[in-house]
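Listing of my_file.txt, compact mmCIF, C-alpha atoms and all ligand atoms
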```
# COMPACT_ATOMS: atom_id res chain seq x y z
CA MET A 8 9.47 10.34 27.89
CA ARG A 9 9.34 10.50 24.11
CA PRO A 10 6.49 8.31 22.77
CA GLN A 11 7.60 5.31 20.73
CA LEU A 12 6.22 5.56 17.21
CA ILE A 13 6.07 3.14 14.29
CA ASP A 14 5.14 3.09 10.58
CA LEU A 15 3.47 -0.04 9.17
CA HIS A 16 2.73 1.16 5.62
CA THR A 17 5.53 2.27 3.27
CA HIS A 18 6.65 1.85 -0.33
CA SER A 19 10.13 1.53 -1.81
CA ASN A 20 11.45 1.61 -5.37
CA ALA A 21 10.63 -2.10 -5.61
CA SER A 22 7.20 -0.66 -6.48
CA ASP A 23 6.20 2.99 -6.88
CA GLY A 24 8.20 4.53 -4.05
CA THR A 25 11.32 6.53 -4.90
CA GLU A 26 13.73 5.29 -2.23
CA SER A 27 15.53 1.98 -2.02
CA PRO A 28 14.64 -0.35 0.87
CA THR A 29 17.99 0.53 2.49
CA GLU A 30 17.34 4.28 2.21
CA LEU A 31 13.90 3.76 3.70
CA VAL A 32 15.27 1.86 6.69
CA LYS A 33 17.92 4.56 7.23
CA LYS A 34 15.25 7.22 7.11
CA ALA A 35 13.11 5.33 9.65
CA LYS A 36 16.11 5.14 11.96
CA GLU A 37 16.79 8.88 11.52
CA ALA A 38 13.14 9.59 12.31
CA ARG A 39 13.68 7.50 15.48
CA LEU A 40 10.84 5.12 14.65
CA SER A 41 10.67 1.99 16.80
CA ALA A 42 9.49 -0.28 13.97
CA LEU A 43 8.96 -0.20 10.22
CA ALA A 44 7.02 -2.35 7.75
CA LEU A 45 7.73 -2.29 4.01
CA THR A 46 4.50 -2.90 2.09
CA ASP A 47 5.21 -2.54 -1.63
CA HIS A 48 2.39 -2.97 -4.14
CA ASP A 49 2.14 -6.55 -5.44
CA THR A 50 5.76 -7.42 -4.72
CA ILE A 51 7.95 -8.72 -1.91
CA ALA A 52 11.16 -8.17 -3.88
CA GLY A 53 12.33 -5.33 -1.62
CA LEU A 54 12.05 -7.35 1.59
CA PRO A 55 15.45 -9.12 1.71
CA GLU A 56 17.32 -5.82 1.32
CA ALA A 57 15.13 -4.09 3.91
CA MET A 58 15.63 -6.95 6.36
CA ARG A 59 19.39 -6.79 5.93
CA ALA A 60 19.49 -3.03 6.42
CA SER A 61 17.24 -3.11 9.47
CA ARG A 62 19.33 -5.86 11.08
CA GLU A 63 22.43 -3.73 10.57
CA LEU A 64 20.79 -0.64 12.03
CA ASN A 65 18.99 -2.55 14.78
CA LEU A 66 15.50 -1.46 13.74
CA GLU A 67 12.51 -3.77 14.21
CA PHE A 68 11.25 -4.69 10.74
CA ILE A 69 7.99 -6.31 9.64
CA PRO A 70 7.98 -7.80 6.13
CA GLY A 71 4.79 -6.91 4.30
CA CYS A 72 3.10 -6.19 0.99
CA GLU A 73 0.00 -4.37 -0.24
CA ILE A 74 -2.33 -5.96 -2.74
CA ALA A 75 -5.53 -4.66 -4.32
CA ALA A 76 -8.90 -6.34 -4.71
CA ALA A 77 -11.93 -5.39 -6.77
CA SER A 78 -15.03 -3.72 -5.37
CA GLU A 79 -17.88 -1.62 -6.68
CA PHE A 80 -16.24 1.49 -5.16
CA GLY A 81 -12.94 0.93 -6.87
CA GLU A 82 -10.05 -0.91 -5.30
CA ILE A 83 -9.91 -2.29 -1.78
CA HIS A 84 -6.32 -2.39 -0.56
CA LEU A 85 -5.10 -5.14 1.75
CA LEU A 86 -1.90 -5.06 3.76
CA GLY A 87 -0.27 -8.37 4.58
CA LEU A 88 2.06 -7.99 7.58
CA TRP A 89 4.61 -10.69 8.51
CA VAL A 90 4.15 -12.16 5.06
CA ALA A 91 6.18 -15.28 4.20
CA GLN A 92 8.53 -14.86 1.27
CA ASP A 93 8.60 -18.51 0.25
CA ASN A 94 4.90 -19.22 -0.18
CA ALA A 95 4.43 -20.69 -3.66
CA GLU A 96 0.74 -19.78 -3.94
CA LEU A 97 1.36 -16.12 -3.04
CA ASN A 98 4.42 -15.84 -5.26
CA GLN A 99 2.43 -17.20 -8.18
CA ALA A 100 -0.43 -14.80 -7.49
CA LEU A 101 2.00 -11.84 -7.30
CA GLU A 102 3.47 -12.86 -10.66
CA LYS A 103 -0.03 -12.77 -12.09
CA MET A 104 -0.66 -9.33 -10.61
CA LEU A 105 2.57 -7.98 -12.10
CA PHE A 106 1.54 -9.38 -15.48
CA ALA A 107 -1.87 -7.69 -15.16
CA ARG A 108 -0.03 -4.45 -14.35
CA SER A 109 2.13 -4.60 -17.48
CA LYS A 110 -0.91 -5.39 -19.60
CA ARG A 111 -2.71 -2.41 -18.08
CA ASN A 112 0.28 -0.10 -18.46
CA LYS A 113 0.52 -0.91 -22.16
CA ALA A 114 -3.19 -0.14 -22.56
CA ILE A 115 -2.77 3.19 -20.71
CA VAL A 116 0.15 4.17 -22.96
CA GLU A 117 -1.98 3.37 -26.02
CA LYS A 118 -4.80 5.55 -24.69
CA LEU A 119 -2.36 8.38 -24.06
CA GLN A 120 -1.03 8.01 -27.60
CA ASP A 121 -4.62 8.19 -28.89
CA LEU A 122 -4.91 11.44 -26.95
CA GLY A 123 -1.95 12.75 -28.92
CA ILE A 124 0.72 12.27 -26.26
CA ASN A 125 4.00 11.07 -27.57
CA LEU A 126 4.85 8.57 -24.83
CA ASP A 127 6.68 5.43 -25.77
CA TYR A 128 6.36 2.23 -23.68
CA ALA A 129 10.14 1.81 -23.86
CA GLU A 130 10.58 5.31 -22.35
CA LEU A 131 8.38 4.29 -19.46
CA GLU A 132 10.43 1.17 -18.84
CA LYS A 133 13.55 3.34 -18.42
CA LEU A 134 11.99 4.92 -15.31
CA VAL A 135 11.34 1.61 -13.66
CA THR A 136 13.56 0.57 -10.78
CA GLY A 137 11.68 -2.42 -9.44
CA GLU A 138 9.34 -5.08 -10.74
CA SER A 139 6.01 -3.53 -9.80
CA VAL A 140 5.15 -0.72 -12.20
CA GLY A 141 2.26 1.58 -11.45
CA ARG A 142 0.52 4.71 -12.58
CA PRO A 143 2.96 6.90 -10.60
CA HIS A 144 5.67 5.77 -13.04
CA ILE A 145 3.47 6.87 -15.94
CA ALA A 146 2.78 10.15 -14.13
CA LYS A 147 6.54 10.71 -13.87
CA ALA A 148 6.97 9.98 -17.59
CA LEU A 149 4.26 12.55 -18.37
CA GLN A 150 6.06 15.07 -16.15
CA ASP A 151 9.38 14.38 -17.88
CA LEU A 152 7.68 14.94 -21.25
CA GLY A 153 6.38 18.28 -20.00
CA VAL A 154 2.77 17.19 -20.56
CA VAL A 155 1.89 17.84 -16.91
CA GLU A 156 3.59 19.69 -14.10
CA SER A 157 2.84 17.36 -11.21
CA GLN A 158 1.79 13.84 -10.32
CA HIS A 159 -1.44 15.31 -9.07
CA GLU A 160 -2.13 16.88 -12.47
CA ALA A 161 -1.28 13.60 -14.23
CA PHE A 162 -3.87 11.73 -12.16
CA ALA A 163 -6.48 14.49 -12.47
CA LYS A 164 -6.13 14.90 -16.25
CA TYR A 165 -5.22 11.41 -17.44
CA LEU A 166 -4.72 8.55 -15.00
CA GLY A 167 -7.35 8.85 -12.29
CA ARG A 168 -10.35 6.55 -12.15
CA LYS A 169 -12.61 9.02 -13.94
CA SER A 170 -9.97 10.32 -16.38
CA PRO A 171 -9.64 9.54 -20.12
CA ALA A 172 -6.54 7.31 -20.02
CA TYR A 173 -7.72 5.20 -17.09
CA VAL A 174 -7.66 1.46 -17.55
CA ALA A 175 -8.73 -0.96 -14.84
CA ARG A 176 -6.57 -3.97 -14.16
CA GLU A 177 -7.62 -7.51 -13.39
CA LEU A 178 -7.93 -7.91 -9.63
CA PRO A 179 -8.72 -10.74 -7.27
CA SER A 180 -11.86 -10.67 -5.14
CA PRO A 181 -11.33 -9.40 -1.59
CA GLU A 182 -11.99 -12.91 -0.27
CA HIS A 183 -9.31 -14.35 -2.55
CA GLY A 184 -6.85 -11.59 -1.62
CA ILE A 185 -7.34 -12.20 2.09
CA ARG A 186 -7.01 -15.95 1.66
CA LEU A 187 -3.75 -15.56 -0.30
CA LEU A 188 -2.17 -13.39 2.39
CA ARG A 189 -3.44 -15.50 5.29
CA ASN A 190 -2.20 -18.69 3.64
CA ALA A 191 1.22 -17.01 3.48
CA GLY A 192 1.12 -16.52 7.25
CA ALA A 193 0.31 -12.82 7.12
CA THR A 194 -1.86 -10.70 9.37
CA VAL A 195 -4.26 -8.93 7.02
CA SER A 196 -5.34 -5.32 7.50
CA TRP A 197 -7.82 -3.34 5.40
CA ALA A 198 -5.66 -0.41 4.24
CA HIS A 199 -7.04 3.16 4.35
CA PRO A 200 -10.74 2.14 4.31
CA MET A 201 -11.89 5.78 4.29
CA LEU A 202 -9.85 6.78 1.24
CA SER A 203 -12.49 5.60 -1.24
CA ARG A 204 -14.94 8.08 0.32
CA ALA A 205 -17.56 5.34 -0.07
CA PRO A 206 -20.72 5.67 2.04
CA LYS A 207 -20.21 4.55 5.64
CA GLU A 208 -22.94 1.97 5.24
CA TRP A 209 -21.05 0.38 2.35
CA ILE A 210 -17.86 0.34 4.42
CA MET A 211 -19.68 -1.42 7.25
CA ASN A 212 -21.30 -3.99 4.94
CA THR A 213 -18.02 -4.63 3.14
CA LEU A 214 -16.28 -5.09 6.47
CA ASP A 215 -18.76 -7.87 7.34
CA THR A 216 -17.67 -9.82 4.26
CA LEU A 217 -13.98 -9.14 4.84
CA VAL A 218 -14.25 -10.35 8.44
CA LEU A 219 -15.92 -13.57 7.27
CA ALA A 220 -13.04 -14.02 4.82
CA GLY A 221 -10.48 -13.78 7.64
CA LEU A 222 -9.56 -10.10 8.00
CA ASP A 223 -7.46 -9.40 11.12
CA ALA A 224 -7.19 -5.64 11.36
CA ILE A 225 -8.22 -2.21 10.10
CA GLU A 226 -5.72 0.49 9.19
CA ALA A 227 -7.29 3.17 11.37
CA TYR A 228 -4.27 5.49 11.30
CA HIS A 229 -3.26 6.72 7.84
CA SER A 230 -1.97 9.98 6.33
CA GLU A 231 -5.26 10.57 4.50
CA HIS A 232 -7.53 9.76 7.45
CA SER A 233 -8.98 12.60 9.49
CA ALA A 234 -9.27 12.24 13.26
CA GLU A 235 -12.92 11.39 12.71
CA ASP A 236 -12.03 8.75 10.08
CA SER A 237 -9.64 7.13 12.56
CA ARG A 238 -12.24 7.14 15.31
CA PHE A 239 -14.78 5.54 12.98
CA CYS A 240 -12.27 2.79 12.13
CA VAL A 241 -11.32 2.23 15.78
CA ASP A 242 -15.00 1.81 16.71
CA LEU A 243 -15.60 -0.59 13.80
CA ALA A 244 -12.57 -2.66 14.77
CA ALA A 245 -13.76 -2.89 18.38
CA LYS A 246 -17.20 -3.98 17.21
CA HIS A 247 -15.72 -6.84 15.18
CA GLY A 248 -12.92 -7.83 17.54
CA LEU A 249 -10.29 -6.73 15.02
CA ALA A 250 -6.83 -5.33 15.70
CA LEU A 251 -5.67 -1.93 14.40
CA SER A 252 -2.80 -0.99 12.13
CA GLY A 253 -1.37 2.34 11.05
CA GLY A 254 1.13 3.86 8.68
CA SER A 255 1.99 6.85 6.54
CA ASP A 256 1.81 5.19 3.07
CA TYR A 257 5.12 6.95 2.45
CA HIS A 258 6.23 6.84 -1.20
CA GLY A 259 9.43 8.86 -0.96
CA ARG A 260 10.44 12.20 -2.33
CA GLU A 261 8.03 12.32 -5.27
CA LYS A 262 4.89 12.20 -3.18
CA THR A 263 5.25 15.57 -1.57
CA GLY A 264 3.63 16.38 1.71
CA ILE A 265 3.73 12.88 3.19
CA ALA A 266 6.55 12.11 5.58
CA LEU A 267 7.68 8.76 6.89
CA GLY A 268 6.06 8.16 10.28
CA THR A 269 4.23 11.47 10.59
CA GLY A 270 2.29 11.58 7.30
CA LYS A 271 0.93 15.06 6.67
CA GLY A 272 2.31 16.11 10.05
CA GLY A 273 -0.27 14.90 12.50
CA LEU A 274 0.06 11.13 12.14
CA ARG A 275 1.19 9.23 15.23
CA VAL A 276 1.13 5.44 15.26
CA ALA A 277 2.02 4.23 18.73
CA LEU A 278 4.04 1.14 19.53
CA TRP A 279 1.07 -0.46 21.30
CA VAL A 280 -0.57 -0.89 17.85
CA LEU A 281 2.25 -3.26 16.95
CA GLU A 282 2.12 -4.97 20.33
CA LYS A 283 -1.61 -5.71 19.92
CA LEU A 284 -1.01 -7.11 16.42
CA LYS A 285 1.65 -9.38 17.86
CA GLN A 286 -0.67 -10.52 20.66
CA ARG A 287 -3.24 -11.46 18.06
CA ARG A 288 -0.66 -13.45 16.09
CA LEU A 289 0.55 -15.27 19.18
CA LYS A 290 -3.04 -16.28 19.96
CA GLN A 291 -3.31 -17.60 16.39
CA GLY A 292 -0.10 -19.58 16.85
CA LEU A 293 1.75 -17.42 14.31
CA PRO A 294 5.36 -16.21 14.71
CA VAL A 295 6.15 -12.55 15.40
P1 LIG B 301 -1.59 1.74 -9.44
O1 LIG B 301 -1.02 0.88 -8.35
O2 LIG B 301 -0.84 1.64 -10.70
O3 LIG B 301 -3.08 1.56 -9.62
O4 LIG B 301 -1.39 3.25 -8.94
C1 LIG B 301 -1.92 3.60 -7.70
C2 LIG B 301 -0.91 4.43 -6.93
O5 LIG B 301 -0.89 5.72 -7.50
C3 LIG B 301 -1.30 4.64 -5.48
O6 LIG B 301 -0.73 3.67 -4.66
C4 LIG B 301 -0.69 5.99 -5.19
O7 LIG B 301 0.68 5.83 -4.90
C5 LIG B 301 -0.80 6.71 -6.50
N1 LIG B 301 -2.00 7.55 -6.67
C6 LIG B 301 -3.28 7.15 -6.74
N2 LIG B 301 -4.13 8.19 -6.94
C7 LIG B 301 -3.34 9.29 -6.99
C8 LIG B 301 -3.59 10.68 -7.16
N3 LIG B 301 -4.83 11.14 -7.35
N4 LIG B 301 -2.55 11.53 -7.16
C9 LIG B 301 -1.31 11.06 -6.98
N5 LIG B 301 -1.00 9.76 -6.81
C10 LIG B 301 -1.99 8.88 -6.81
ZN ZN B 302 1.65 3.45 -4.39
FE FE B 303 -3.08 1.69 -0.95
FE FE B 304 0.19 2.06 -0.06
```

Do you think you could lay out the structure here as structure tokens?
Amino acid sequence: MRPQLIDLHTHSNASDGTESPTELVKKAKEARLSALALTDHDTIAGLPEAMRASRELNLEFIPGCEIAAASEFGEIHLLGLWVAQDNAELNQALEKMLFARSKRNKAIVEKLQDLGINLDYAELEKLVTGESVGRPHIAKALQDLGVVESQHEAFAKYLGRKSPAYVARELPSPEHGIRLLRNAGATVSWAHPMLSRAPKEWIMNTLDTLVLAGLDAIEAYHSEHSAEDSRFCVDLAAKHGLALSGGSDYHGREKTGIALGTGKGGLRVALWVLEKLKQRRLKQGLPV
């Protein structure tokens, strides 16, 4: 029998993905996934459309979002799965994050202008399809201007954390981020913990604080995780009594080499991952 596979980490054009929520759901159906979560950066604006499309196509859908928190090794990303869309505290916090993004984007454009690049903030806004604007949009603008040839080059030369046009944005603490998502009824997973390439000791210490703050799961399966990375995460989760999550972090056509469901080719997130997350929620008295 064909194994049943899922994808619990994807982005649409409500943030920095290139496909609409409907296109994403269609693609998940074509890929014969058994369930899909939409987890746009700092916004839940794509969820109603995705829910409608998945109802029509009879695909199990988990409403989610991905937020970032500050740490000494750069950003910690948190996935909220089964997030409520009508939670006033979360909606207010997301508004604040979007405002911090636009402030940061303006500062990045100014830095690029100082570097002699003729990019106008209004030009950038023309590329924006949703409400959450990120560095990938700026990377696209730089490509359109012919300043760089790829998104990768844009991050390496200008936008990456150690590059000259990098600007940090205001972020909540991990504890605050977890509390916001939990208060909105979400199951919270630490997204791609191995992506920061931080020392393993730091990851373990950080996990202790995240667990105290109410973390539910670790995203062990991710496009950028090696088999060894996944194993490390699975062991850590077992040690702390946490659930697992997994997803491709699909961003659509622009982010080449990462496919919905299968990531760089080898990703497989089995349906039991979702079933275990649901069991955890049921024990917590939360709806699934
Ligand atoms: P932002 O949310 O504005 O901080 O931008 C972060 C997003 O940019 C990530 O979610 C990725 O989609 C993308 N990204 C981050 N680093 C790179 C990179 N080195 N090359 C290409 N895309 C990247
Ligand atoms: Zn992204
Ligand atoms: Fe992320
Ligand atoms: Fe992501």

Report task. To one decimal in Å, tell me the separation between atom N3 of ligand LIG 301 (chain B) and atom CA of Lys262 of chain A. Result ->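 We find that atom N3 of ligand LIG 301 (chain B) and atom CA of Lys262 of chain A lie 10.6 Å from each other.
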
Query - Distance criterion (only C-alpha atoms and all ligand atoms): nearest to ligand ZN 302 (chain B) out of A:Asp256, A:Glu177, A:Asp242, A:Glu156 - result: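 Of A:Asp256, A:Glu177, A:Asp242, A:Glu156, the one nearest ligand ZN 302 (chain B), counting only C-alpha atoms and all ligand atoms, is A:Asp256.
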
Query - All residues 7 Å or closer to Ala75 of chain A, all atoms listed in the file, same chain fewer than 6 positions away omitted, as a PyMOL selection string - result: chain A and resi 82-85+178

Those selected residues, please, written with C-alpha atoms and delivered as an mmCIF file, in the frame of the given file.
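Below is the file that was written, selection_7.cif:
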```
data_model
loop_
_atom_site.group_PDB
_atom_site.id
_atom_site.type_symbol
_atom_site.label_atom_id
_atom_site.label_comp_id
_atom_site.auth_asym_id
_atom_site.auth_seq_id
_atom_site.Cartn_x
_atom_site.Cartn_y
_atom_site.Cartn_z
ATOM 1 C CA GLU A 82 -10.050 -0.910 -5.300
ATOM 2 C CA ILE A 83 -9.910 -2.290 -1.780
ATOM 3 C CA HIS A 84 -6.320 -2.390 -0.560
ATOM 4 C CA LEU A 85 -5.100 -5.140 1.750
ATOM 5 C CA LEU A 178 -7.930 -7.910 -9.630
#
```

Against ligand ZN 302 (chain B), which residues of chain A fall within 8 Å? For each one I want the closest pair of atoms and the distance in Å (one decimal), counting only C-alpha atoms and all ligand atoms, rows by chain and increasing residue number, as JSON lines.
```
{"residue": "A:His18", "atom": "CA", "partner": "B:ZN302", "partner_atom": "ZN", "distance": 6.6}
{"residue": "A:Ser22", "atom": "CA", "partner": "B:ZN302", "partner_atom": "ZN", "distance": 7.2}
{"residue": "A:Asp23", "atom": "CA", "partner": "B:ZN302", "partner_atom": "ZN", "distance": 5.2}
{"residue": "A:Gly24", "atom": "CA", "partner": "B:ZN302", "partner_atom": "ZN", "distance": 6.6}
{"residue": "A:Asp47", "atom": "CA", "partner": "B:ZN302", "partner_atom": "ZN", "distance": 7.5}
{"residue": "A:His48", "atom": "CA", "partner": "B:ZN302", "partner_atom": "ZN", "distance": 6.5}
{"residue": "A:Gly141", "atom": "CA", "partner": "B:ZN302", "partner_atom": "ZN", "distance": 7.3}
{"residue": "A:Pro143", "atom": "CA", "partner": "B:ZN302", "partner_atom": "ZN", "distance": 7.2}
{"residue": "A:Asp256", "atom": "CA", "partner": "B:ZN302", "partner_atom": "ZN", "distance": 7.7}
{"residue": "A:His258", "atom": "CA", "partner": "B:ZN302", "partner_atom": "ZN", "distance": 6.5}
```

Query raised in the report: Residues at most 6 Å from Ala172 of chain A, counting all atoms listed in the file, excluding those fewer than 4 positions away in the same chain, as number ranges by chain?
Result: A: 115, 118-119, 165-166

Query raised in the report: Nearest to Pro179 of chain A among A:Lys133, A:Arg111, A:His229, A:Lys103, with distances taken over only C-alpha atoms: which residue is it?
Result: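 Ranked by minimum distance to Pro179 of chain A, first place goes to A:Lys103.
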
Requested in this report: Pick out the closest residue to Trp89 of chain A from this set: A:Met104, A:Ile225, A:Ala77, A:Val195. Count only C-alpha atoms.
Outcome: A:Val195

Report task. Provide the atom N1 of ligand LIG 301 (chain B) to atom CA of Gly167 of chain A distance in Å, to one decimal place. Result ->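 Atom-to-atom, atom N1 of ligand LIG 301 (chain B) to atom CA of Gly167 of chain A, that is 7.9 Å.
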
Requested in this report: Go through the chains and note each residue within 7 Å of ligand FE 303 (chain B), using only C-alpha atoms and all ligand atoms, then give the set as a PyMOL selection string.
Outcome: chain A and resi 73+84+198-199

**Report entry** Who sits within 12 Å of Gly153 of chain A, all atoms listed in the file, same chain under 6 positions skipped, as a PyMOL selection string
**Finding:** chain A and resi 124-126+146-147+160-161

Query raised in the report: At what distance in Å, to one decimal, does atom CA of Gly53 of chain A lie from atom CA of Glu96 of chain A?
Result: 18.7 Å

Report task. Find the residues near Val295 of chain A: any atom within 10 Å, counting all atoms listed in the file, skip ones fewer than 4 places away on the same chain, and give them as a list in words. Result ->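 Those residues are Ile69, Leu88, Trp89, Glu282, Leu284, Lys285, Gln286, Arg287, Arg288 and Leu289 of chain A.
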
Query raised in the report: Pick from A:Ser61, A:Thr46, A:Gln150, A:Thr213: nearest to Glu30 of chain A, with only C-alpha atoms counted?
Result: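 Answer, going by the shortest atom-to-atom distance: A:Ser61.
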
**Report entry** Exercise: residues within 7 Å of coordinate (8.7, -6.6, 10.5), counting all atoms listed in the file, as a PyMOL selection string
**Finding:** chain A and resi 43-44+67-70+89

Query raised in the report: Which of these, A:Gln11, A:Asn94, A:Ser19, A:Asn112, has the shortest distance to ligand FE 304 (chain B) once you count all atoms listed in the file?
Result: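 Selected residue with least distance to ligand FE 304 (chain B): A:Ser19.
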
Find the smallest box with edges along x, y and z containing every listed atom of segment 65-71 of chain A, then add 3 Å on each side and report centre and edge lengths in Å to one decimal, as AutoDock Vina command-line options.
```
--center_x 11.9 --center_y -4.6 --center_z 9.5 --size_x 20.2 --size_y 12.3 --size_z 16.5
```

Would you mind putting back N, CA and C atoms on segment 153-174 of chain A, then writing it out as a compact mmCIF listing (two decimals), in the coordinates of the input?
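result_11.txt, written as the output of this step:
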```txt
# COMPACT_ATOMS: atom_id res chain seq x y z
N GLY A 153 6.90 16.91 -20.07
CA GLY A 153 6.38 18.28 -20.00
C GLY A 153 4.89 18.36 -20.28
N VAL A 154 4.21 17.21 -20.29
CA VAL A 154 2.77 17.19 -20.56
C VAL A 154 1.99 17.68 -19.34
N VAL A 155 2.50 17.35 -18.16
CA VAL A 155 1.89 17.84 -16.91
C VAL A 155 3.00 18.36 -16.00
N GLU A 156 2.58 19.12 -14.99
CA GLU A 156 3.59 19.69 -14.10
C GLU A 156 3.75 18.91 -12.80
N SER A 157 2.76 18.09 -12.48
CA SER A 157 2.84 17.36 -11.21
C SER A 157 2.16 16.01 -11.34
N GLN A 158 2.46 15.15 -10.36
CA GLN A 158 1.79 13.84 -10.32
C GLN A 158 0.29 14.04 -10.14
N HIS A 159 -0.03 15.02 -9.32
CA HIS A 159 -1.44 15.31 -9.07
C HIS A 159 -2.16 15.64 -10.38
N GLU A 160 -1.53 16.49 -11.18
CA GLU A 160 -2.13 16.88 -12.47
C GLU A 160 -2.25 15.67 -13.41
N ALA A 161 -1.24 14.79 -13.36
CA ALA A 161 -1.28 13.60 -14.23
C ALA A 161 -2.47 12.72 -13.88
N PHE A 162 -2.73 12.55 -12.58
CA PHE A 162 -3.87 11.73 -12.16
C PHE A 162 -5.19 12.45 -12.48
N ALA A 163 -5.24 13.75 -12.24
CA ALA A 163 -6.48 14.49 -12.47
C ALA A 163 -6.83 14.52 -13.96
N LYS A 164 -5.83 14.72 -14.82
CA LYS A 164 -6.13 14.90 -16.25
C LYS A 164 -6.18 13.59 -17.02
N TYR A 165 -5.36 12.60 -16.59
CA TYR A 165 -5.22 11.41 -17.44
C TYR A 165 -5.43 10.06 -16.73
N LEU A 166 -4.88 9.91 -15.54
CA LEU A 166 -4.72 8.55 -15.00
C LEU A 166 -5.72 8.15 -13.94
N GLY A 167 -6.40 9.14 -13.37
CA GLY A 167 -7.35 8.85 -12.29
C GLY A 167 -8.53 8.02 -12.77
N ARG A 168 -9.28 7.51 -11.83
CA ARG A 168 -10.35 6.55 -12.15
C ARG A 168 -11.40 7.12 -13.09
N LYS A 169 -11.60 8.44 -13.06
CA LYS A 169 -12.61 9.02 -13.94
C LYS A 169 -11.98 9.79 -15.10
N SER A 170 -10.71 9.56 -15.36
CA SER A 170 -9.97 10.32 -16.38
C SER A 170 -9.81 9.50 -17.66
N PRO A 171 -9.54 10.20 -18.80
CA PRO A 171 -9.64 9.54 -20.12
C PRO A 171 -8.63 8.43 -20.40
N ALA A 172 -7.49 8.40 -19.72
CA ALA A 172 -6.54 7.31 -20.02
C ALA A 172 -6.57 6.23 -18.94
N TYR A 173 -7.63 6.21 -18.15
CA TYR A 173 -7.72 5.20 -17.09
C TYR A 173 -8.05 3.83 -17.67
N VAL A 174 -7.35 2.85 -17.19
CA VAL A 174 -7.66 1.46 -17.55
C VAL A 174 -7.65 0.66 -16.24
```
